[in-house]
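Visitor: This is the structure, below, for whatever I ask next.
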Amino acid sequence: MLKTTVPVAVAFIAGLALVISFFFREGTFIGDISQELTVWLTIVGGFTLLLGVVSITRVNWSAVRSRREGWGYRVLTLISIFAMAIPAVWPAKWAPESWASLFGRGSGSIYDWLFLNLDSPMMATMFATLAFYIASAAYRAFRARTAESTILLLTATVVMLWRVPMGEAFLNLFPGDIPNFLNTYIMNGANLAVQRGIIIGAALGAASMSLRIILGIERTYMGKG
Amino acid sequence: MDSRAYRHLDMPRTPDLDLPKTLTLRPQRVYCRVIKSIDKLKRPAFRLLSTGLIVFSYSSVWAQAEQAAPSVFRFDRINAMVLVLIFSSAVLLYTRWARQGKTLFLRKIPGLEAVEEAVGRATEMGRPVLFIPGISELDEIETIAGISILGRVARITAQYETPLMVPVRYPLVLAAGQEVVEQAYIEQGKKDAFDKDMVRYVAGEQFAFTANVNGYMMRERPATNIYMGAFFAESLLLAETGNAAGSIQIAGTARPEQLPFFIAACDYTLMGEELYAASAYLSKEPIMLGGLKGQDFVKMLIAIMIIIGVILVTFGYGDFFTGWFKVV
């Protein structure tokens, strides 16, 4: 009962409360339920953070202990986790006065320095590599092997040309207002229509799945059914 | 405008001004019903209808409307409520028919048909299956859909005793994922094969997560990669790396902006609603399939409404009709 009935009942009550809350004005008890539940979610999420720390430590520590391939990187991972976390949560009043600014998450703290000088540049680097991945994926997608991929190639070429000033100037050399045609019929016509079709389908799918969960028809998210 | 007596009063309307559906104007306590209409010059207007005489200026009405205590119930969202009721009725009706044994036709979804085959390939090659339930929190319905599909995939990996790796970005998803995978292994009678670290928390940062998973793909070379859930800028980084590692890849997301990347780099892609249909489709349970048919019925209704709307807007009568579908 505890593993099936109670979660289904909680999902039913919470789901129904959120749906009803949408139809009531903010500032009323019912209208504020959705915001209240969002706060609850944040609190529960905060508690489960410990689960994440335990999981990442256990997985990496067991690899280090058994000297699995690449164990050195795992040592680095563990050091990084605790080097970021401990100074951030360590109370500054427990440290000598001259060191107090190093703790917490304020400007000049260890956490802040690591975030600005290591974390952010590494994130930016990862994001920047996306350009190379796009090039290789585009090469595969745009190979003109069939009639459909040829149409895709031609459309993508003119759209990409139109998106840069030099390309737009080049397209304007031809008779007819090609940039306007691209904007009206390809981007705001075919492209937008397909995107909206997908969005409508996805929204209905999400609503249908939510309804199945609220009514207890779908229990696969608990590993049941 | 001067204060004069009217049976009905047309007031100019702009998108940033709104009036409640009803107003009781002081000091005479004249009850008015407010409807959206167009005035004689074909401009958007509010029409105040009253059984008594309305003796007010525009500014007086606005001032009183602002002072009026708003109703607790959002009458301006009544159209959404009607749609919710129609949608819920359709889903429940089809579920009931499915329960009664009525045959429901569902088109084949190649990406889902390929799941078992892809896991079988991993088993033959002796390599793991990588499953990513998106990178969003558990409050996203896409993540819940991903977790539901994970349960199905875990049953197959349990059956074939194929290694499974599920990296996650949020601790709540970790807890849900571990529960679902454990349950799948128990149901297949393979509890001993279940390892809690199959589902593991990798990193809270988007690109730290991506770097870790990409590294895993290049080192362990999983035979099958399954991406189901909410993905953002990392979608192509993951899918291209998986492609370079020679894995069979099945992706599913409801984010239209990420779909082209998955289509370019994966063998099969579930688009939008197919992601939400996946757990029902894989379960083959009539009750779950009934929900999908109900959803299709509402989709058909929406298509009909779009066609009617297009025709009405084309002939200049669309404002009234499209107003029904605006949710404030």
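How things are named: the first chain in the structure tokens is A, the next is B, and so on; residues count from 1 in each chain; ligands count from 1 in the order shown.
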Taking only C-alpha atoms into account, what are the residues of chain A at most 8 Å from chain B, put as a PyMOL selection string?
Guide: chain A and resi 23-25+28+45+48-53+55-56+59+123+126-127+130+133-134+137-138+140-141+195+198-199+201-206+208-212+217-218+220-225
Visitor: Calculate how many Å separate atom CA of B:Val313 from atom CA of B:Leu85, rounding to one decimal.
Guide: 26.5 Å
Visitor: How far is it from atom CA of B:Ala122 to atom CA of B:Gly229, in Å with one decimal?
Guide: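 Atom CA of B:Ala122 sits 21.6 Å away from atom CA of B:Gly229.
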Visitor: Please extract the residues of chain A with a backbone DSSP assignment of helix (DSSP H, G or I) and present them as a VMD selection string.
Guide: chain A and resid 5 to 22 33 to 65 71 to 89 92 to 94 97 to 102 110 to 128 130 to 141 147 to 162 165 to 171 178 to 214 220 to 222
